[in-house]
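Engineer: Following this message is one structure expressed as structure tokens.
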Amino acid sequence: MAKKLKEVDVVIVGLGWTGGILSKELTDAGLKVVALERGGNRTTQDDYALPGVRDELRYVVRHDLMQNTARDTLTVRNNISQEALPMRRLGSFLPGEVVGGSGVHWSGHTWRWTDMELKVRSMYEERYGKKYIPADMTIQDWGVSYAELEPYYEKFERAAAVSGKAGNLRGQIQEGGNPFEAPRQNEYALPPLTKIHASEMFNAAAKNLGYHPFPRPSANASRPYTNQYGAQFGACEYCGYCQRFGCEANAKGSPHVAIIPAVMKSANFELRAHSWVTRVIKDKSGKRVTGVLYINVLTGEEFEQPANMVILTAFALNNVHIMLTSGIGQPYDPKTGKGVIGKNYCYQTGTSATLFFEGKHFNPFMNAGGSNDTIDDFNTNWDFDRSKFGYIGGANISGGFNTNLPIGYRPVPRGTPQWGREWKAATAKWYQAAMKIDASGAVMANRYNYLDLDPTYRNAFGQPLMRMTFDYKENEHKMGQHAAQVINDIAKSMNPTHFTPAVARTDPWTVVPYQSTHNTGGTIMGVNPKSSAVNRYLQSWDCHNLFVVGANVFAHNSSYNPTGPVGALAYWTADAIRNQYLKNPGQLVHA
Amino acid sequence: MKDKPEGLNRRAFLKSAVAGGAAAAATAATVVLPQSAQAQAPAQATPPASPGYAFLNPEEAAFVEAMVNHMVPADALTPNGVDLGLNIYIDRALAGAWGKGDRMYMQGPWKQGVPSQGYQLPLTPAELYRNGIAAANIQCIKTYGKPFDKVTDAQREEFLRALRDGKVVFENGPPARAFFNTAYQTVMEGMFGDPIYGGNRDKAGWKLIGFPGVIAVHSQDVVKFRDKAYPNNPVGIADMS
Amino acid sequence: MKISRIFSMTLLAGFAACGPAQAADAAHGQKIFAECAACHSAAKAPSGVGPSLYGVFGRKAGTLDDFRFSPAMKRANIVWSRETLESYIADPQKAIPANRMPFGGIPDAQNRADLLDYMEQTFK
């Protein structure tokens, strides 16, 4: 029997970026907030300090900062005719499990998704006609516009110490930035990072072909910086250990640096680490939630934490899992297309080429999380005519390095043996002399890609695992072919000594190796309770005092990293709660 | 100069403390743990001929030593796999939490599934290794009349390629390819991971490619060494500890 | 011993480099201190990611009670002065190899002089 605790105003489930932002905003509004976090509380001085943090085996190979699949995982399959089996160890994606969440180990890439995504169906229908969108492609408008989110994007970029170069300031195209971005009111918080040599070469080659290269905006402080919460950032050391690691110099925009310390100062706030929320409790009417059930994973004790308001901020996949185990909202059924919880799960796709330049010294161990240059000519560029290629969405293409450590990164030309003297000589020769050009591609929502509860497998708490049914469809294959072509053309123009070309993937999605932690959808936002799980303020259509914040609300996935809109939507939701909901608790949108 | 006595004192203290501890242990019980014996000798230039195995039995040790020496032979670039400590890395990894299935979801039912569903064997990495070596030696004896560590270099090469390409089938054993993939991955981990885990001895794997290790304060270097060779003098976790 | 020798060599190099830099500017130094401030407090406050610098002049390196120093720093056997700090900040890994401070250094002698002016004014 769960021990019932004293009621609080707000319970926050998961303390990463979204949980940190909502905790800060709501404690500032005078509410008593309790944050429940599965993981432990790690700090820069004790846990991300030199030299221990610089350990590829511990952090990259053994996933020290990530969720433990022995306790909870997902089952996976490519289509509904297969039997889903458990992902027995992490691979394709790596959700974090510490205070700070995945925001501790991310690379910091921070993008503003534009109306091309937020109004995806209406814009494509208008330009290419209704028939251009395949019948099974369940893309829909998100119910919010770029103009509405713009100030919140900026607020997040300032909190996270994002370095970059504006490409469009209030409608004026800026030299050196991304000319295809939506208009920004202000420059980035910090100037761009120093270009590494591979980025310079990619930049020159892309420009030469008429493309528009620019430095990737990233939450890696290019200079010392103090954000709006008084958090002090050191300047990035280009240490080459960004992705999968905590930052020892507090130069990466991570929640445990940027915002959580400011929340911890509030008397209204309490953090309970090692607290695993199993479900949200509904009242008899089914229109309100009354709190959450959680387990202290250090003692095994179960608690009920009553609350006036529950906010799920536990990473996209976990948020959806909790919604499913709580029985809130109708689970999605791909056969009928009815139901909303689990709908429109999306992922990302990609391809890359490796270029070898005899005699070069790229020093691939010297880079920031986002020190590569990139082009959006086939991504946010709305003028790019997709009908020639027959796809929707696009791919962001970049050249340079981002965390290439030697257990995982030792490029050799094709045909090199995998072991022995010849392998060793080639490894020694090419390690310093290779660079990559990568594409990250969007995944459009599809009727048959979804999340639900697995009928067979259970987690350590006796709950059904979540089941992921996902595969790439025709749209991704066409986009991949085009992206590979663009990459290979750029690569060839650079005249490398050897070159391993990019190849569009045609094989099914697989749980190994690592691909991206950009899992989206499952409780999507929208304008209609029949086709979305939460409204434009991320408020549950079913229970008005439940908000679900994270990439789980994305109605589809773009080629961009999700954290920009995740942060912006967290601030947007906080604003709606503070300025609308608290004054008049109830449904903020009447559909 | 003044730090010298302090440093010496500290080392001397550690040495005597550990020696006392080991002696006490020896009187209390007949077994002296190998790490006590190891700790007893202060870090000297010459490591013991073999640090000993915590997991591998003699047959398995012979297999692993033959494998790492074959995959990483001695030449002008590096010493051989055993001299790099790759066998020791593998042994410790299998004896430790990873080998025992730490962080793996190990609940049934167990089904093979399709390749895109990833690893589905009911075996921990240590169990896969153990049964994989046994099965590989049976295959080797069938094909060449000798276990893996006793065959010729050319036969070993042929056998490893056949394992990699899925051309070997283990009867009543784990899938040969799953065993090979795990074995290969651990060789690379041993060669390029931090030396604190027993492999990459003397940071020879890092020196091979010019990877600087853990120091990595490159805010100035990123400009200074643009398209220039960076000094090849890697630093490991132990060097900073 | 090896460490001390490298340190003294760097120290001399540091003196030579800062020779021409004269009119130091503490106000500018305060701006330079931003490079340190994410980890080091300038006020009388507990240590954070790095040791507090309050009272650093005259302190033996690696001896502050509320901070866990690297063995390299504890072994360094130096007392912080304008000169030793100047040399250390120029290239920390060269001055005290294997110390744990994740900072690449301040290569510009004038910037270091300004910073030390500010530090002297603030912490002395």
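Just so we're on the same page: first chain in the structure tokens is A, next is B, and so on; residues restart at 1 for each chain, and ligands are numbered from 1 in the order they show up.
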At a cut-off of 6 Å, which residues of chain B touch chain A? Count only C-alpha atoms and give the answer as a CSV table (one decimal) with C-alpha atoms, in the first residue's frame.
Structural biologist:
chain,number,residue,atom,x,y,z
B,71,MET,CA,44.5,-9.3,-34.5
B,72,VAL,CA,47.1,-7.0,-33.1
B,103,ARG,CA,22.2,-3.1,-17.6
B,104,MET,CA,20.8,-5.9,-19.8
B,105,TYR,CA,17.1,-6.7,-19.9
B,116,SER,CA,16.7,-5.4,-36.6
B,117,GLN,CA,15.6,-6.4,-33.1
B,118,GLY,CA,19.2,-6.7,-32.0
B,189,GLU,CA,37.9,-1.5,-26.5
B,192,PHE,CA,41.7,2.1,-27.6
B,193,GLY,CA,40.1,2.5,-24.1
B,208,LEU,CA,49.4,4.6,-32.8
B,209,ILE,CA,46.9,7.1,-34.0
B,214,VAL,CA,42.1,12.8,-21.4
B,216,ALA,CA,42.0,17.9,-23.8
B,217,VAL,CA,42.1,21.6,-23.1
B,218,HIS,CA,42.1,22.8,-26.7
B,219,SER,CA,40.7,26.4,-26.6
B,226,ARG,CA,44.7,23.8,-37.4
B,227,ASP,CA,45.9,21.3,-40.0
B,228,LYS,CA,49.0,20.7,-38.0
B,229,ALA,CA,50.2,17.6,-36.2
B,237,ILE,CA,43.2,8.8,-16.4
Engineer: Just asking: which residues within segment 50-161 of chain B are helix (DSSP H, G or I) according to DSSP, as a VMD selection string?
Structural biologist: chain B and resid 58 to 71 86 to 95 115 to 117 125 to 144 148 to 150 153 to 161
Engineer: Give me, as a PyMOL selection string, the contact residues of chain C against chain A at a cut-off of 9 Å, counting only C-alpha atoms.
Structural biologist: chain C and resi 34-39+48-50+70+98-104
Engineer: What would the file look like if the residues just selected were written as a CSV table (one decimal), in the first residue's frame with C-alpha atoms?
Structural biologist:
chain,number,residue,atom,x,y,z
C,34,ALA,CA,34.8,36.0,-16.6
C,35,GLU,CA,36.9,33.2,-18.1
C,36,CYS,CA,37.5,31.9,-14.5
C,37,ALA,CA,34.1,32.8,-12.9
C,38,ALA,CA,32.2,29.7,-14.0
C,39,CYS,CA,34.3,27.7,-11.6
C,48,GLY,CA,32.5,25.3,-6.4
C,49,VAL,CA,33.6,23.5,-9.5
C,50,GLY,CA,37.0,25.0,-8.8
C,70,SER,CA,44.4,16.9,-8.1
C,98,ALA,CA,48.2,16.6,-15.2
C,99,ASN,CA,46.4,19.1,-13.0
C,100,ARG,CA,42.7,18.9,-13.3
C,101,MET,CA,41.7,22.4,-14.2
C,102,PRO,CA,39.9,22.2,-17.5
C,103,PHE,CA,41.3,25.4,-19.0
C,104,GLY,CA,43.6,26.0,-21.9
Engineer: Using only C-alpha atoms, I'd like every residue of chain C that has an atom within 12 Å of chain B; please write them out as a ChimeraX atom specification.
Structural biologist: /C:1-8,35,60-61,68-79,90-94,96-108
Engineer: Would you please give, as a count of residues only, all residues of segment 120-297 of chain A that DSSP assigns to strand (DSSP E) based on the backbone?
Structural biologist: 30
Engineer: What lies within 9 Å of Leu298 of chain A using only C-alpha atoms, ignoring chain neighbours under 3 positions off, as a list in words?
Structural biologist: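 Skipping anything fewer than 3 positions along the chain leaves His274, Ser275, Ile295 and Glu301 of chain A.
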Engineer: Please produce a file of the residues just selected, as a PDB file, in the first residue's frame, where the atoms kept are N, CA and C atoms.
Structural biologist:
ATOM      1  N   HIS A 274      15.979   9.631  -7.380  1.00  0.00           N
ATOM      2  CA  HIS A 274      15.747   8.191  -7.230  1.00  0.00           C
ATOM      3  C   HIS A 274      14.264   7.865  -7.049  1.00  0.00           C
ATOM      4  N   SER A 275      13.409   8.675  -7.664  1.00  0.00           N
ATOM      5  CA  SER A 275      11.963   8.489  -7.507  1.00  0.00           C
ATOM      6  C   SER A 275      11.346   8.135  -8.864  1.00  0.00           C
ATOM      7  N   ILE A 295       7.877   5.145  -6.804  1.00  0.00           N
ATOM      8  CA  ILE A 295       8.658   4.219  -5.982  1.00  0.00           C
ATOM      9  C   ILE A 295      10.022   4.834  -5.719  1.00  0.00           C
ATOM     10  N   GLU A 301      10.159   1.508  -1.423  1.00  0.00           N
ATOM     11  CA  GLU A 301       8.883   1.989  -0.878  1.00  0.00           C
ATOM     12  C   GLU A 301       8.048   2.697  -1.934  1.00  0.00           C
TER      13      GLU A 301
END
Engineer: With a distance cut-off of 9 Å and only C-alpha atoms, select the neighbouring residues of Asn137 of chain B, excluding the residue or stretch itself and same-chain residues fewer than 6 positions from it, and output the selection as a list in words.
Structural biologist: Phe63, Lys146, Pro147, Phe148 and Asp149 of chain B
Engineer: Just checking: using only C-alpha atoms, which residue out of B:Val222, B:Gly132, B:Tyr230, B:Gln139 ends up closest to Phe180 of chain B?
Structural biologist: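 Between B:Val222, B:Gly132, B:Tyr230, B:Gln139, the residue approaching Phe180 of chain B most closely is B:Gly132.
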Engineer: Please provide as a ChimeraX atom specification all residues within 6 Å of segment 177-184 of chain A, with the sequence filter that same-chain residues fewer than 5 positions apart are discarded (counting only C-alpha atoms).
Structural biologist: /A:165-171,214,380-381
Engineer: Residues at most 7 Å from segment 200-205 of chain B, counting only C-alpha atoms, excluding those fewer than 2 positions away in the same chain, as a PyMOL selection string?
Structural biologist: chain B and resi 78+84-86+190-195+198+207-208+234
Engineer: Excluding same-chain residues fewer than 4 positions from Val33 of chain A, what lies within 8 Å of it counting only C-alpha atoms, as a list in words?
Structural biologist: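 Near neighbours after the sequence-gap exclusion: Val8, Asp9, Val10, Val11, Ile12, Ser23, Leu26, Thr27, Asn268, Phe269 and Glu270 of chain A.
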Engineer: Write the selection just made, keeping C-alpha atoms, as a PDB file, in the first residue's frame?
Structural biologist:
ATOM      1  CA  VAL A   8       1.562  19.957  -3.151  1.00  0.00           C
ATOM      2  CA  ASP A   9       0.597  22.405  -5.886  1.00  0.00           C
ATOM      3  CA  VAL A  10       2.607  20.829  -8.666  1.00  0.00           C
ATOM      4  CA  VAL A  11       4.404  17.571  -9.185  1.00  0.00           C
ATOM      5  CA  ILE A  12       7.016  17.526 -11.939  1.00  0.00           C
ATOM      6  CA  SER A  23       9.953  24.049 -11.981  1.00  0.00           C
ATOM      7  CA  LEU A  26       6.079  27.693 -11.429  1.00  0.00           C
ATOM      8  CA  THR A  27       8.078  28.213  -8.236  1.00  0.00           C
ATOM      9  CA  ASN A 268       8.970  26.435  -2.883  1.00  0.00           C
ATOM     10  CA  PHE A 269      10.965  23.668  -4.510  1.00  0.00           C
ATOM     11  CA  GLU A 270      11.872  20.168  -3.479  1.00  0.00           C
TER      12      GLU A 270
END
Engineer: Measuring between only C-alpha atoms, which one of A:Leu317, A:Ile328, A:Ala267, A:Ala439 shows the shortest distance to Val340 of chain A?
Structural biologist: A:Ile328
